[in-house]
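model_33.tsv follows; it contains TSV, C-alpha atoms and all ligand atoms.
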chain	number	residue	atom	x	y	z
A	1	MET	CA	-10.21	13.09	-0.63
A	2	ARG	CA	-7.55	11.36	1.42
A	3	ARG	CA	-10.07	10.83	4.20
A	4	GLU	CA	-12.42	9.13	1.72
A	5	ARG	CA	-9.59	6.91	0.53
A	6	ASN	CA	-8.61	5.96	4.06
A	7	ARG	CA	-12.21	5.20	4.91
A	8	SER	CA	-12.43	2.96	1.84
A	9	ARG	CA	-9.36	1.07	2.99
A	10	VAL	CA	-10.81	0.45	6.43
A	11	VAL	CA	-14.15	-0.63	4.94
A	12	ALA	CA	-12.38	-2.99	2.51
A	13	ALA	CA	-10.19	-4.53	5.24
A	14	LEU	CA	-13.16	-5.08	7.51
A	15	ARG	CA	-15.31	-6.49	4.73
A	16	GLU	CA	-12.59	-8.91	3.78
A	17	SER	CA	-11.97	-10.18	7.32
A	18	GLY	CA	-15.57	-10.03	8.59
A	19	ALA	CA	-14.49	-8.94	12.07
A	20	ALA	CA	-11.26	-7.33	13.22
A	21	SER	CA	-9.80	-5.58	16.22
A	22	ARG	CA	-8.49	-2.01	15.96
A	23	ALA	CA	-4.93	-3.37	16.10
A	24	GLU	CA	-5.65	-5.68	13.16
A	25	LEU	CA	-7.11	-2.79	11.16
A	26	ILE	CA	-3.96	-0.77	11.80
A	27	ARG	CA	-1.85	-3.70	10.60
A	28	ARG	CA	-3.97	-4.43	7.54
A	29	THR	CA	-4.38	-0.86	6.30
A	30	GLY	CA	-1.07	0.63	7.39
A	31	LEU	CA	-3.00	3.62	8.77
A	32	SER	CA	-2.18	5.26	12.07
A	33	ARG	CA	-3.95	4.53	15.35
A	34	THR	CA	-5.54	8.01	15.36
A	35	THR	CA	-6.83	7.71	11.80
A	36	ILE	CA	-8.34	4.28	12.53
A	37	ALA	CA	-9.93	5.58	15.73
A	38	SER	CA	-11.50	8.50	13.90
A	39	ILE	CA	-12.83	6.43	10.97
A	40	VAL	CA	-14.16	3.72	13.29
A	41	GLY	CA	-15.82	6.47	15.33
A	42	ASP	CA	-17.56	7.84	12.23
A	43	LEU	CA	-18.71	4.40	11.06
A	44	ARG	CA	-20.10	3.61	14.53
A	45	GLU	CA	-21.91	6.91	14.70
A	46	GLU	CA	-23.52	6.13	11.35
A	47	GLY	CA	-24.75	2.84	12.83
A	48	LEU	CA	-22.67	0.78	10.39
A	49	LEU	CA	-20.38	-0.91	12.93
A	50	VAL	CA	-20.99	-3.02	15.99
A	51	GLU	CA	-18.45	-3.97	18.61
A	52	ARG	CA	-18.23	-7.12	20.68
A	53	ASP	CA	-15.76	-8.95	22.91
A	54	GLY	CA	-13.13	-11.04	21.13
A	55	ASP	CA	-12.81	-14.80	21.52
A	56	GLY	CA	-11.36	-14.45	25.01
A	57	SER	CA	-7.70	-14.86	24.15
A	58	ALA	CA	-5.78	-12.11	25.87
A	59	SER	CA	-3.72	-9.71	23.81
A	60	PRO	CA	0.01	-10.50	23.47
A	61	GLN	CA	0.77	-7.76	25.97
A	62	GLY	CA	-1.57	-9.39	28.49
A	63	GLY	CA	-4.61	-7.41	29.50
A	64	ARG	CA	-8.17	-7.66	28.21
A	65	PRO	CA	-8.99	-9.49	25.00
A	66	ALA	CA	-9.24	-7.13	22.04
A	67	ARG	CA	-12.72	-5.92	21.12
A	68	LEU	CA	-13.81	-6.96	17.64
A	69	LEU	CA	-15.44	-4.62	15.17
A	70	SER	CA	-17.78	-5.83	12.45
A	71	PHE	CA	-20.43	-4.38	10.18
A	72	SER	CA	-23.98	-4.17	11.45
A	73	ARG	CA	-26.90	-5.58	9.48
A	74	SER	CA	-27.75	-2.13	8.16
A	75	ALA	CA	-24.33	-1.81	6.48
A	76	GLY	CA	-25.40	-4.04	3.62
A	77	ALA	CA	-25.49	-7.61	2.38
A	78	ALA	CA	-23.81	-9.77	-0.25
A	79	ILE	CA	-25.30	-12.48	-2.47
A	80	GLY	CA	-23.47	-15.60	-3.64
A	81	ILE	CA	-24.66	-17.84	-6.50
A	82	ASP	CA	-23.11	-21.18	-7.46
A	83	PHE	CA	-24.10	-23.08	-10.60
A	84	GLY	CA	-23.12	-26.72	-10.92
A	85	LYS	CA	-23.95	-29.24	-13.59
A	86	ARG	CA	-27.16	-30.18	-11.77
A	87	HIS	CA	-27.60	-27.72	-8.94
A	88	LEU	CA	-28.01	-24.06	-8.21
A	89	ARG	CA	-27.21	-22.64	-4.78
A	90	VAL	CA	-27.85	-19.10	-3.58
A	91	ALA	CA	-26.92	-17.49	-0.26
A	92	ALA	CA	-27.20	-14.08	1.34
A	93	ALA	CA	-24.71	-12.93	3.95
A	94	ASP	CA	-24.19	-9.75	5.91
A	95	LEU	CA	-20.88	-7.90	5.77
A	96	SER	CA	-19.67	-9.58	8.96
A	97	HIS	CA	-19.67	-12.86	6.94
A	98	THR	CA	-22.70	-14.39	8.64
A	99	ILE	CA	-24.90	-16.37	6.26
A	100	LEU	CA	-28.48	-15.16	6.71
A	101	ALA	CA	-30.35	-17.34	4.24
A	102	GLU	CA	-29.67	-20.08	1.69
A	103	ALA	CA	-31.65	-21.74	-1.06
A	104	LYS	CA	-30.91	-24.65	-3.38
A	105	ARG	CA	-32.57	-25.95	-6.53
A	106	THR	CA	-31.91	-29.02	-8.64
A	107	MET	CA	-31.44	-28.08	-12.29
A	108	ASP	CA	-31.91	-30.00	-15.51
A	109	THR	CA	-28.65	-30.29	-17.36
A	110	ASP	CA	-28.16	-28.64	-20.72
A	111	GLU	CA	-30.68	-25.88	-20.11
A	112	PRO	CA	-30.14	-22.57	-21.89
A	113	ALA	CA	-28.46	-19.85	-19.85
A	114	GLU	CA	-31.71	-17.84	-19.86
A	115	THR	CA	-33.50	-20.52	-17.82
A	116	GLY	CA	-30.62	-20.71	-15.34
A	117	LEU	CA	-30.52	-16.93	-14.94
A	118	ALA	CA	-34.29	-16.77	-14.43
A	119	THR	CA	-34.12	-19.44	-11.71
A	120	ALA	CA	-31.14	-17.72	-10.07
A	121	SER	CA	-33.07	-14.48	-10.01
A	122	GLU	CA	-36.04	-16.25	-8.35
A	123	LEU	CA	-33.78	-17.74	-5.67
A	124	VAL	CA	-32.18	-14.35	-5.02
A	125	ASP	CA	-35.67	-12.94	-4.33
A	126	GLU	CA	-36.31	-15.94	-2.07
A	127	VAL	CA	-33.19	-15.49	0.12
A	128	LEU	CA	-33.64	-11.71	0.31
A	129	GLU	CA	-37.18	-12.24	1.54
A	130	ALA	CA	-36.16	-14.97	4.00
A	131	ALA	CA	-33.41	-12.78	5.47
A	132	ALA	CA	-35.56	-9.61	5.33
A	133	ILE	CA	-32.91	-7.76	3.29
A	134	PRO	CA	-34.18	-4.83	1.18
A	135	ARG	CA	-32.86	-5.04	-2.41
A	136	ASP	CA	-31.11	-1.69	-2.19
A	137	GLN	CA	-28.93	-2.99	0.65
A	138	VAL	CA	-27.21	-5.57	-1.57
A	139	ILE	CA	-23.68	-4.34	-2.29
A	140	GLY	CA	-22.97	-6.98	-4.92
A	141	VAL	CA	-23.57	-10.48	-6.27
A	142	GLY	CA	-20.86	-13.10	-6.81
A	143	LEU	CA	-21.61	-15.68	-9.50
A	144	GLY	CA	-19.73	-18.97	-9.90
A	145	LEU	CA	-19.96	-20.97	-13.15
A	146	PRO	CA	-18.42	-24.35	-13.99
A	147	GLY	CA	-16.33	-23.29	-16.96
A	148	PRO	CA	-13.54	-20.94	-17.90
A	149	ILE	CA	-14.49	-17.25	-17.88
A	150	ASP	CA	-12.65	-15.03	-20.28
A	151	MET	CA	-11.96	-12.05	-18.04
A	152	ARG	CA	-11.22	-9.73	-20.96
A	153	TYR	CA	-14.65	-10.11	-22.51
A	154	GLY	CA	-16.61	-11.55	-19.57
A	155	ARG	CA	-17.76	-14.48	-21.69
A	156	VAL	CA	-18.11	-18.13	-20.68
A	157	GLY	CA	-15.52	-20.21	-22.54
A	158	SER	CA	-16.29	-23.02	-24.96
A	159	SER	CA	-15.25	-25.88	-22.68
A	160	SER	CA	-17.87	-24.99	-20.08
A	161	ILE	CA	-19.71	-27.95	-18.65
A	162	LEU	CA	-22.94	-26.00	-19.24
A	163	PRO	CA	-23.21	-25.96	-23.06
A	164	GLY	CA	-26.14	-23.52	-22.96
A	165	TRP	CA	-23.88	-20.87	-21.43
A	166	VAL	CA	-21.03	-20.82	-23.96
A	167	GLY	CA	-20.41	-17.27	-25.21
A	168	VAL	CA	-22.86	-15.73	-22.72
A	169	ARG	CA	-21.76	-12.59	-20.88
A	170	ALA	CA	-23.10	-13.96	-17.62
A	171	ALA	CA	-22.33	-11.07	-15.24
A	172	GLU	CA	-23.91	-8.57	-17.59
A	173	ALA	CA	-26.99	-10.72	-18.23
A	174	LEU	CA	-27.65	-11.43	-14.55
A	175	GLY	CA	-26.78	-7.88	-13.50
A	176	SER	CA	-29.40	-6.34	-15.76
A	177	ARG	CA	-31.97	-8.90	-14.63
A	178	LEU	CA	-31.34	-8.24	-10.93
A	179	GLY	CA	-30.46	-4.56	-11.11
A	180	MET	CA	-27.40	-5.29	-8.97
A	181	PRO	CA	-23.65	-5.34	-9.69
A	182	VAL	CA	-22.54	-8.92	-10.49
A	183	ALA	CA	-19.00	-10.31	-10.51
A	184	VAL	CA	-18.44	-13.69	-12.16
A	185	ASP	CA	-15.67	-16.26	-11.83
A	186	ASN	CA	-14.93	-19.89	-12.51
A	187	ASP	CA	-16.17	-22.28	-9.80
A	188	ALA	CA	-12.75	-23.78	-9.01
A	189	ASN	CA	-11.33	-20.28	-8.53
A	190	LEU	CA	-14.16	-19.55	-6.11
A	191	GLY	CA	-13.55	-22.82	-4.23
A	192	ALA	CA	-9.91	-21.77	-3.89
A	193	LEU	CA	-10.93	-18.33	-2.67
A	194	ALA	CA	-13.23	-19.80	0.01
A	195	GLU	CA	-10.72	-22.40	1.22
A	196	LEU	CA	-8.09	-19.64	1.32
A	197	ARG	CA	-10.33	-17.27	3.28
A	198	TRP	CA	-12.11	-19.64	5.66
A	199	GLY	CA	-10.91	-23.20	5.09
A	200	ALA	CA	-8.05	-25.61	4.55
A	201	ALA	CA	-5.79	-23.14	2.73
A	202	ALA	CA	-6.04	-20.32	5.28
A	203	ASP	CA	-2.60	-18.81	5.89
A	204	HIS	CA	-1.06	-20.61	2.92
A	205	ARG	CA	0.84	-18.63	0.31
A	206	THR	CA	1.07	-21.06	-2.60
A	207	ALA	CA	-1.63	-23.65	-3.02
A	208	ALA	CA	-4.01	-25.21	-5.50
A	209	TYR	CA	-7.64	-26.11	-5.01
A	210	LEU	CA	-8.93	-28.96	-7.16
A	211	LYS	CA	-12.61	-29.21	-7.88
A	212	VAL	CA	-13.26	-32.83	-8.77
A	213	SER	CA	-16.88	-33.18	-9.88
A	214	THR	CA	-18.43	-33.77	-13.32
A	215	GLY	CA	-15.69	-31.45	-14.51
A	216	ILE	CA	-12.22	-31.11	-13.03
A	217	GLY	CA	-10.69	-27.67	-12.56
A	218	ALA	CA	-8.07	-26.01	-10.39
A	219	GLY	CA	-7.94	-22.66	-8.63
A	220	LEU	CA	-4.32	-21.56	-8.22
A	221	VAL	CA	-3.14	-19.45	-5.31
A	222	VAL	CA	0.26	-17.84	-5.85
A	223	ASP	CA	1.78	-15.60	-3.19
A	224	GLY	CA	-1.51	-15.49	-1.28
A	225	ARG	CA	-3.58	-14.38	-4.26
A	226	LEU	CA	-5.68	-16.15	-6.85
A	227	TYR	CA	-3.66	-16.54	-10.06
A	228	LYS	CA	-5.90	-16.31	-13.13
A	229	GLY	CA	-3.46	-16.04	-16.01
A	230	THR	CA	-3.80	-13.84	-19.08
A	231	GLY	CA	-7.51	-13.55	-19.71
A	232	GLY	CA	-8.54	-15.65	-16.71
A	233	MET	CA	-8.12	-19.14	-18.16
A	234	ALA	CA	-5.49	-20.56	-15.78
A	235	GLY	CA	-6.13	-23.81	-13.93
A	236	GLU	CA	-7.84	-25.93	-16.61
A	237	ILE	CA	-6.15	-29.05	-15.26
A	238	GLY	CA	-9.09	-31.23	-16.31
A	239	HIS	CA	-7.90	-30.90	-19.90
A	240	THR	CA	-4.38	-32.16	-19.28
A	241	ILE	CA	-3.81	-35.04	-21.72
A	242	ILE	CA	-3.42	-38.33	-19.90
A	243	GLN	CA	-4.09	-40.71	-22.83
A	244	GLU	CA	-3.22	-39.46	-26.34
A	245	GLN	CA	-5.65	-41.87	-28.00
A	246	GLY	CA	-8.30	-41.78	-25.29
A	247	ASP	CA	-11.95	-40.75	-25.46
A	248	VAL	CA	-12.90	-37.50	-27.14
A	249	CYS	CA	-13.45	-34.76	-24.56
A	250	ARG	CA	-16.06	-32.00	-24.70
A	251	CYS	CA	-13.16	-29.59	-25.34
A	252	GLY	CA	-12.41	-31.38	-28.62
A	253	LYS	CA	-9.17	-33.05	-27.57
A	254	ARG	CA	-8.66	-36.72	-26.70
A	255	GLY	CA	-7.82	-38.41	-23.43
A	256	CYS	CA	-8.16	-35.37	-21.16
A	257	LEU	CA	-8.01	-36.01	-17.41
A	258	GLU	CA	-11.73	-35.30	-17.20
A	259	THR	CA	-12.60	-38.12	-19.62
A	260	LEU	CA	-10.83	-40.53	-17.23
A	261	ALA	CA	-11.49	-39.12	-13.77
A	262	GLY	CA	-14.55	-36.85	-13.97
A	263	ALA	CA	-17.65	-38.08	-12.10
A	264	ALA	CA	-19.54	-38.78	-15.34
A	265	ALA	CA	-16.72	-41.00	-16.62
A	266	LEU	CA	-16.61	-43.01	-13.38
A	267	VAL	CA	-20.37	-43.49	-13.27
A	268	GLU	CA	-20.30	-44.66	-16.88
A	269	LEU	CA	-17.61	-47.22	-16.08
A	270	LEU	CA	-19.83	-48.75	-13.42
A	271	GLN	CA	-23.18	-48.64	-15.18
A	272	GLY	CA	-22.66	-52.05	-16.76
A	273	THR	CA	-22.29	-53.75	-13.39
A	274	HIS	CA	-24.18	-51.40	-11.08
A	275	GLY	CA	-27.17	-50.57	-13.28
A	276	PRO	CA	-27.93	-47.74	-15.72
A	277	GLY	CA	-29.53	-45.63	-12.97
A	278	LEU	CA	-26.28	-45.20	-11.02
A	279	THR	CA	-25.58	-41.62	-9.93
A	280	THR	CA	-22.45	-39.97	-8.51
A	281	GLN	CA	-23.95	-40.16	-5.04
A	282	GLY	CA	-24.74	-43.85	-5.64
A	283	LEU	CA	-21.10	-44.42	-6.60
A	284	LEU	CA	-19.87	-42.64	-3.44
A	285	ASP	CA	-22.33	-44.58	-1.25
A	286	ALA	CA	-21.22	-47.87	-2.79
A	287	ALA	CA	-17.55	-47.03	-2.20
A	288	ALA	CA	-18.27	-46.08	1.42
A	289	ALA	CA	-20.06	-49.42	1.86
A	290	GLY	CA	-16.94	-51.25	0.64
A	291	ASP	CA	-18.03	-52.04	-2.92
A	292	SER	CA	-14.82	-53.08	-4.65
A	293	GLY	CA	-15.76	-51.91	-8.17
A	294	ALA	CA	-16.67	-48.45	-6.93
A	295	ARG	CA	-13.49	-48.23	-4.86
A	296	ARG	CA	-11.42	-49.36	-7.81
A	297	VAL	CA	-12.69	-46.69	-10.22
A	298	LEU	CA	-12.18	-43.99	-7.56
A	299	ALA	CA	-8.63	-45.20	-6.89
A	300	ASP	CA	-7.86	-45.18	-10.63
A	301	ALA	CA	-9.31	-41.67	-10.87
A	302	GLY	CA	-7.08	-40.61	-7.96
A	303	ARG	CA	-4.03	-41.93	-9.82
A	304	HIS	CA	-4.94	-40.11	-13.04
A	305	ILE	CA	-5.51	-36.87	-11.13
A	306	GLY	CA	-2.18	-37.46	-9.37
A	307	THR	CA	-0.39	-37.64	-12.73
A	308	ALA	CA	-1.68	-34.17	-13.65
A	309	VAL	CA	-1.09	-32.79	-10.15
A	310	ALA	CA	2.54	-33.98	-10.24
A	311	THR	CA	3.15	-31.74	-13.25
A	312	LEU	CA	1.37	-28.90	-11.47
A	313	CYS	CA	3.71	-29.41	-8.49
A	314	ASP	CA	6.79	-29.34	-10.70
A	315	LEU	CA	5.61	-26.04	-12.19
A	316	LEU	CA	4.17	-24.31	-9.13
A	317	ASN	CA	5.94	-25.94	-6.17
A	318	PRO	CA	2.88	-25.45	-3.91
A	319	GLU	CA	2.83	-26.16	-0.19
A	320	LEU	CA	-0.74	-27.40	-0.26
A	321	ILE	CA	-3.22	-29.12	-2.57
A	322	VAL	CA	-6.82	-28.96	-1.38
A	323	VAL	CA	-9.15	-31.48	-2.99
A	324	GLY	CA	-12.80	-30.44	-3.15
A	325	GLY	CA	-15.78	-31.11	-5.40
A	326	GLU	CA	-18.31	-33.96	-5.30
A	327	LEU	CA	-15.79	-36.81	-5.57
A	328	SER	CA	-13.69	-35.51	-2.66
A	329	ALA	CA	-16.34	-37.07	-0.40
A	330	ALA	CA	-14.67	-40.41	-1.23
A	331	GLY	CA	-11.84	-39.37	1.13
A	332	ASP	CA	-8.72	-41.51	1.20
A	333	VAL	CA	-10.14	-43.99	-1.33
A	334	LEU	CA	-9.45	-41.20	-3.85
A	335	LEU	CA	-6.72	-39.27	-2.01
A	336	ASP	CA	-4.27	-42.05	-1.12
A	337	PRO	CA	-3.68	-43.16	-4.73
A	338	LEU	CA	-3.58	-39.48	-5.73
A	339	ARG	CA	-0.87	-38.73	-3.14
A	340	GLU	CA	1.10	-41.83	-4.14
A	341	GLN	CA	1.05	-40.87	-7.82
A	342	VAL	CA	2.07	-37.28	-7.11
A	343	HIS	CA	5.09	-38.45	-5.15
A	344	ARG	CA	5.95	-41.02	-7.79
A	345	ASN	CA	5.82	-38.56	-10.72
A	346	ALA	CA	6.90	-35.19	-9.35
A	347	ILE	CA	10.48	-34.15	-8.72
A	348	PRO	CA	11.00	-35.06	-5.03
A	349	ALA	CA	12.23	-31.56	-4.20
A	350	THR	CA	8.98	-29.94	-5.39
A	351	THR	CA	6.81	-32.11	-3.15
A	352	ARG	CA	9.02	-32.42	-0.07
A	353	GLU	CA	6.85	-30.08	1.96
A	354	LEU	CA	3.64	-30.72	0.07
A	355	GLU	CA	0.44	-31.64	1.85
A	356	ILE	CA	-2.59	-33.01	0.00
A	357	VAL	CA	-5.76	-32.59	2.04
A	358	PRO	CA	-9.51	-32.69	1.53
A	359	GLY	CA	-11.33	-29.34	1.54
A	360	VAL	CA	-13.08	-28.43	4.77
A	361	LEU	CA	-15.96	-26.43	3.30
A	362	GLY	CA	-17.61	-29.37	1.52
A	363	PRO	CA	-20.18	-28.86	-1.24
A	364	ARG	CA	-20.67	-25.22	-0.20
A	365	ALA	CA	-17.07	-24.16	-0.96
A	366	GLU	CA	-17.92	-22.60	-4.33
A	367	LEU	CA	-20.98	-20.83	-2.91
A	368	LEU	CA	-18.91	-19.35	-0.07
A	369	GLY	CA	-16.29	-18.34	-2.64
A	370	ALA	CA	-18.96	-16.45	-4.58
A	371	LEU	CA	-19.70	-14.51	-1.37
A	372	ALA	CA	-15.96	-13.96	-0.81
A	373	LEU	CA	-15.73	-12.53	-4.32
A	374	VAL	CA	-18.09	-9.74	-3.26
A	375	LEU	CA	-16.74	-9.32	0.28
A	376	ALA	CA	-13.11	-9.21	-0.83
A	377	SER	CA	-13.76	-6.94	-3.78
A	378	ARG	CA	-11.80	-3.72	-3.78
A	379	ASN	CA	-14.23	-2.17	-6.22
A	380	GLY	CA	-16.91	-0.16	-4.54
A	381	ALA	CA	-15.08	-0.56	-1.25
A	382	GLU	CA	-17.23	2.30	-0.08
A	383	ALA	CA	-20.09	-0.12	0.10
A	384	ALA	CA	-20.71	0.49	3.74
A	385	ARG	CA	-23.61	2.70	2.85
A	386	ARG	CA	-24.11	6.27	3.95
A	401	ZN	ZN	-10.70	-31.77	-22.58

Translate this structure into structure tokens?
Ligand SMILES: [Zn+2]
Amino acid sequence: MRRERNRSRVVAALRESGAASRAELIRRTGLSRTTIASIVGDLREEGLLVERDGDGSASPQGGRPARLLSFSRSAGAAIGIDFGKRHLRVAAADLSHTILAEAKRTMDTDEPAETGLATASELVDEVLEAAAIPRDQVIGVGLGLPGPIDMRYGRVGSSSILPGWVGVRAAEALGSRLGMPVAVDNDANLGALAELRWGAAADHRTAAYLKVSTGIGAGLVVDGRLYKGTGGMAGEIGHTIIQEQGDVCRCGKRGCLETLAGAAALVELLQGTHGPGLTTQGLLDAAAAGDSGARRVLADAGRHIGTAVATLCDLLNPELIVVGGELSAAGDVLLDPLREQVHRNAIPATTRELEIVPGVLGPRAELLGALALVLASRNGAEAARR
């Protein structure tokens, strides 16, 4: 029994880090050198682990670089799925965190959840085939959706940007379609998870990830862990009121941040001058080419976001804000006014050590987070198969 538990801890630690030396496994699990050696020996004998030379840096004591252990292909695979307003991305990775195949599809907006789930299921088949992964090797599927997920009931909340999904128990619905265990989370939470694991927030204890796309949401990291709040609704920063008498938001309130700084709002502002066919990408391209109207609306959006982020800083006192999502591609055109507004509106002491940086994982952050959701899951830690 204890041996099983110890083995689960080693498997979980290795799955979470992708590759680790024996010394790291000892540190991460708190198990003794002998126990680690014995469990690693078993896993290797079963063909589940491979060993390779580390990155060449010598160990602190001098001597040879530590050998790194990671799961072999036969140990299993994870699937990540990311739904946006207009896209669907799917990836398959092995347990050493190597992406083996990816697929992307453009989606019509406002489709019913059924259509989205059917397409997701098709793309899962596609990546499994491309990576030659048998279905029974998949240890789990991570699903990211652009809306709040009520963790108590597993349902998509009413302010989701995908109206066809409201009230749907997405993990259950996709799980029964695929015949695989599915874990679901909000897309901004997954972006935070990915930037924390592999990106700009690595090694940070208290941080927030902002997803600035059609919707605006935040994933909050407190003491090195994702903070979800009671029921999983934390981080809905896009519905902070910026203008009491502003436009009506899809959540039913008026003047939410999203109605002023979401991609759809910015595109709408420019359609009069830049043509009705303007897209978010068109707006970003125009700004990059120096178009003053496009740069102006992005700068104003940055300021509005900064107003909300200043409050977040006063409440959370983070060391880092990572800005991701479609509009983050605007770079400093968006970020400089955002930084300025944060420093203007927050208590100086809460932002003294604050850094505001763009995400490093780009448009794939949420997809990678969906994979991290499976890889970092403590449930079924015994997923290295026997
Ligand atoms: Zn709102």

* Could you pull the residues within 8 Å of Asn317 in chain A, counting only C-alpha atoms, minus those fewer than 4 positions along the same chain, as an MDAnalysis selection string? -> chainID A and resid 206 312:313 350:351

Residues of chain A within 7 Å of ligand ZN 401 (chain A): nearest atom pair and distance (Å, one decimal) for each, counting only C-alpha atoms and all ligand atoms, sorted by chain and number, as JSON lines?
{"residue": "A:Gly238", "atom": "CA", "partner": "A:ZN401", "partner_atom": "ZN", "distance": 6.5}
{"residue": "A:His239", "atom": "CA", "partner": "A:ZN401", "partner_atom": "ZN", "distance": 4.0}
{"residue": "A:Cys249", "atom": "CA", "partner": "A:ZN401", "partner_atom": "ZN", "distance": 4.5}
{"residue": "A:Arg250", "atom": "CA", "partner": "A:ZN401", "partner_atom": "ZN", "distance": 5.8}
{"residue": "A:Cys251", "atom": "CA", "partner": "A:ZN401", "partner_atom": "ZN", "distance": 4.3}
{"residue": "A:Gly252", "atom": "CA", "partner": "A:ZN401", "partner_atom": "ZN", "distance": 6.3}
{"residue": "A:Lys253", "atom": "CA", "partner": "A:ZN401", "partner_atom": "ZN", "distance": 5.4}
{"residue": "A:Arg254", "atom": "CA", "partner": "A:ZN401", "partner_atom": "ZN", "distance": 6.8}
{"residue": "A:Cys256", "atom": "CA", "partner": "A:ZN401", "partner_atom": "ZN", "distance": 4.6}
{"residue": "A:Glu258", "atom": "CA", "partner": "A:ZN401", "partner_atom": "ZN", "distance": 6.5}

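Going from CA of Gly76 in chain A over to CA of Thr115 in chain A, you cover 28.2 Å.
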
Counting only C-alpha atoms, find residues at most 7 Å from (-2.0, -36.0, 0.3) (file frame) and give them as a PDB file with C-alpha atoms, keeping the file's coordinate frame.
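Writing done, so here's part.pdb:
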ATOM      1  CA  LEU A 335      -6.720 -39.270  -2.010  1.00  0.00           C
ATOM      2  CA  ASP A 336      -4.270 -42.050  -1.120  1.00  0.00           C
ATOM      3  CA  ARG A 339      -0.870 -38.730  -3.140  1.00  0.00           C
ATOM      4  CA  GLU A 355       0.440 -31.640   1.850  1.00  0.00           C
ATOM      5  CA  ILE A 356      -2.590 -33.010   0.000  1.00  0.00           C
ATOM      6  CA  VAL A 357      -5.760 -32.590   2.040  1.00  0.00           C
TER       7      VAL A 357
END

A straight line from CA of Thr279 in chain A to CA of Leu162 in chain A spans 18.4 Å

Residue neighbourhood Ala103 in chain A, 9 Å, all atoms listed in the file, exclusion window fewer than 2 positions, as an mmCIF file with C-alpha atoms, keeping the file's coordinate frame:
data_model
loop_
_atom_site.group_PDB
_atom_site.id
_atom_site.type_symbol
_atom_site.label_atom_id
_atom_site.label_comp_id
_atom_site.auth_asym_id
_atom_site.auth_seq_id
_atom_site.Cartn_x
_atom_site.Cartn_y
_atom_site.Cartn_z
ATOM 1 C CA LEU A 88 -28.010 -24.060 -8.210
ATOM 2 C CA ARG A 89 -27.210 -22.640 -4.780
ATOM 3 C CA VAL A 90 -27.850 -19.100 -3.580
ATOM 4 C CA ALA A 91 -26.920 -17.490 -0.260
ATOM 5 C CA ALA A 101 -30.350 -17.340 4.240
ATOM 6 C CA ARG A 105 -32.570 -25.950 -6.530
ATOM 7 C CA LEU A 123 -33.780 -17.740 -5.670
ATOM 8 C CA VAL A 124 -32.180 -14.350 -5.020
ATOM 9 C CA GLU A 126 -36.310 -15.940 -2.070
ATOM 10 C CA VAL A 127 -33.190 -15.490 0.120
#

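Within 9 Å of Ala365 in chain A, once all atoms listed in the file are used and residues closer than 6 positions along the same chain are dropped, the contacting residues are Leu190, Gly191, Ala192, Leu193, Ala194, Glu195, Gly199, Gly324, Gly325 and Gly359 of chain A.
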
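Going from CA of Gly144 in chain A over to CA of Glu111 in chain A, you cover 16.5 Å.
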
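When all atoms listed in the file are used to compute distances to Val168 in chain A, the closest of the residues A:Ala113, A:Leu375, A:Leu145, A:Ala287 turns out to be A:Ala113.
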
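Among the candidates A:Gly362, A:Pro134, A:Gly142, A:Gly231, the one nearest to Ala329 in chain A when counting all atoms listed in the file is A:Gly362.
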
Need the shell around Phe71 in chain A: protein/DNA/RNA residues with any atom at most 7 Å away, counting only C-alpha atoms. Skip same-chain ones fewer than 3 positions apart. Format as a PyMOL selection string? chain A and resi 48-50+75+95-96

Deliver the residues from the most recent selection as a file, using C-alpha atoms, as an mmCIF file, keeping the file's coordinate frame.
data_model
loop_
_atom_site.group_PDB
_atom_site.id
_atom_site.type_symbol
_atom_site.label_atom_id
_atom_site.label_comp_id
_atom_site.auth_asym_id
_atom_site.auth_seq_id
_atom_site.Cartn_x
_atom_site.Cartn_y
_atom_site.Cartn_z
ATOM 1 C CA LEU A 48 -22.670 0.780 10.390
ATOM 2 C CA LEU A 49 -20.380 -0.910 12.930
ATOM 3 C CA VAL A 50 -20.990 -3.020 15.990
ATOM 4 C CA ALA A 75 -24.330 -1.810 6.480
ATOM 5 C CA LEU A 95 -20.880 -7.900 5.770
ATOM 6 C CA SER A 96 -19.670 -9.580 8.960
#

Judged by all atoms listed in the file, the minimum distance to Arg155 in chain A among A:Arg296, A:Arg169, A:His343, A:Arg364 is found for A:Arg169

Give me, as a Markdown table, each residue of range 149-254 of chain A that comes within 8 Å of range 262-278 of chain A, together with its shortest interatomic pair and the distance in Å at one decimal, counting all atoms listed in the file, with rows ordered by chain and rising residue number.
| residue | atom | partner | partner_atom | distance |
| --- | --- | --- | --- | --- |
| A:Val212 | CA | A:Gly262 | CA | 6.7 |
| A:Ser213 | CA | A:Ala263 | CA | 5.4 |
| A:Thr214 | CA | A:Ala263 | CA | 4.5 |
| A:Gly215 | CA | A:Gly262 | CA | 5.5 |
| A:Ile216 | CA | A:Gly262 | CA | 6.3 |

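Considering the residues A:Ser8, A:Thr98, A:Ser377, A:Asn186 and counting all atoms listed in the file, Lys211 in chain A has its shortest atom-to-atom contact with A:Asn186.
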
Between A:Ala308, A:Ala173, A:Arg197, A:Ser159, smallest distance to Gly18 in chain A by all atoms listed in the file belongs to A:Arg197
